[in-house]
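Student: The structure is given below, and queries will be raised subsequently.
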Amino acid sequence: MRRYRRSIWTNGSLSAVAALSCGFICTAAAAFLLSALLFYVMGDMKLVRGFAGTALGFGAYTGAYIYGKHRRRRGLFSGSLCGVIMYAVLSICGAVFTGVPSDIKKLLLLTLTGAAGGVAGVNSKRPKKLMDQ
């Protein structure tokens, strides 16, 4: 007889931490790749803010998409919440290291891309090995 094992995605806070970790990893990877593209290929450093915003948006979308895909409920709210939590973490880190918290435009960017990722994740195809309950 099989033993009942609860999935990580049944606990809301634990699944949010897992999805946000994936989001931060994707943000770091996108920032690394886009900065290499900007420095080596383009050679012009005027587009740094746009590329940084793109990396942040990609990370928020990816984290919220993973969260929405596995939780399968409340995609808009949970995606927005992922974006707000990412903003809070980035703002705290910015305040610690530079003394200035993040700008409000980052909150708007992360909230909107997180909401879009959450909605897309909920409406995507169901994962094959997702355990309910």
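Starting from 1 in every chain, residues are counted up; chains themselves are A, B, ... following the order of the structure tokens, and ligands are numbered from 1 as listed.
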Excluding A:Ala116 and its own-chain neighbours fewer than 6 positions away, which residues fall within 9 Å of it when counting only C-alpha atoms? Please give them as a PyMOL selection string.

Tutor: chain A and resi 61+64-65+75-76+79-80

Student: As a PyMOL selection string, please: the residues near A:Leu20 (cut-off 10 Å, only C-alpha atoms, same-chain neighbours under 5 positions excluded).

Tutor: chain A and resi 14-15+25-26+59-60+62-64+66-67+82-83+85-86

Student: How would the residues just chosen look if you wrote them out with C-alpha atoms as a PDB file, in the first residue's frame?

Tutor:
```pdb
ATOM      1  CA  LEU A  14       6.080  26.939   1.232  1.00  0.00           C
ATOM      2  CA  SER A  15       5.020  26.876  -2.408  1.00  0.00           C
ATOM      3  CA  ILE A  25      17.131  32.438 -10.105  1.00  0.00           C
ATOM      4  CA  CYS A  26      15.545  33.277 -13.474  1.00  0.00           C
ATOM      5  CA  GLY A  59      11.843  36.701 -13.293  1.00  0.00           C
ATOM      6  CA  ALA A  60       8.525  37.867 -11.832  1.00  0.00           C
ATOM      7  CA  THR A  62       8.421  33.005 -14.374  1.00  0.00           C
ATOM      8  CA  GLY A  63       8.015  32.770 -10.595  1.00  0.00           C
ATOM      9  CA  ALA A  64       4.308  33.616 -10.742  1.00  0.00           C
ATOM     10  CA  ILE A  66       5.296  28.347 -11.680  1.00  0.00           C
ATOM     11  CA  TYR A  67       3.226  29.260  -8.635  1.00  0.00           C
ATOM     12  CA  CYS A  82       4.549  37.044  -5.915  1.00  0.00           C
ATOM     13  CA  GLY A  83       5.434  40.340  -7.597  1.00  0.00           C
ATOM     14  CA  ILE A  85       6.989  39.925  -2.369  1.00  0.00           C
ATOM     15  CA  MET A  86       9.769  40.106  -4.957  1.00  0.00           C
TER      16      MET A  86
END
```

Student: Rounded to one decimal place, report the atom CA of A:Gly68-atom CA of A:Val122 distance in Å.

Tutor: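 Between atom CA of A:Gly68 and atom CA of A:Val122 the gap is 4.8 Å.
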
Student: Using only C-alpha atoms, determine which residues lie at most 10 Å from A:Ser124, disregarding the query and same-chain residues fewer than 2 positions distant; provide the list as a list in words.

Tutor: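 The contact residues come out as Tyr65, Gly68, Lys69, His70, Arg72, Gly118, Val119, Ala120, Gly121, Val122, Arg126 and Pro127 of chain A.
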
Student: As an exercise, work out the distance from atom CA of A:Thr54 to atom CA of A:Leu112 in Å and give it to one decimal place.

Tutor: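 Separation between atom CA of A:Thr54 and atom CA of A:Leu112: 12.7 Å.
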
Student: As a count of residues only, list the residues of chain A assigned to alpha helix (DSSP H) by DSSP on the backbone atoms of this structure.

Tutor: 91

Student: Suppose you want the space between atom CA of A:Arg49 and atom CA of A:Leu33; what is it in Å?

Tutor: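 We find that atom CA of A:Arg49 and atom CA of A:Leu33 lie 14.5 Å from each other.
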
Student: Would you pick out the contacts of stretch 99-104 of chain A at 8 Å or less, using only C-alpha atoms, so that residues sharing its chain but fewer than 6 positions from it are not included, and give the list as a list of chain:residue names?

Tutor: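 Close residues of stretch 99-104 of chain A: A:Tyr87, A:Leu90, A:Ser91, A:Ile92, A:Cys93.
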
Student: Nearest to A:Ala55 among A:Gly94, A:Thr113, A:Gly43, A:Arg74, with distances taken over only C-alpha atoms: which residue is it?

Tutor: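 Comparing A:Gly94, A:Thr113, A:Gly43, A:Arg74 against A:Ala55, the winner is A:Thr113.
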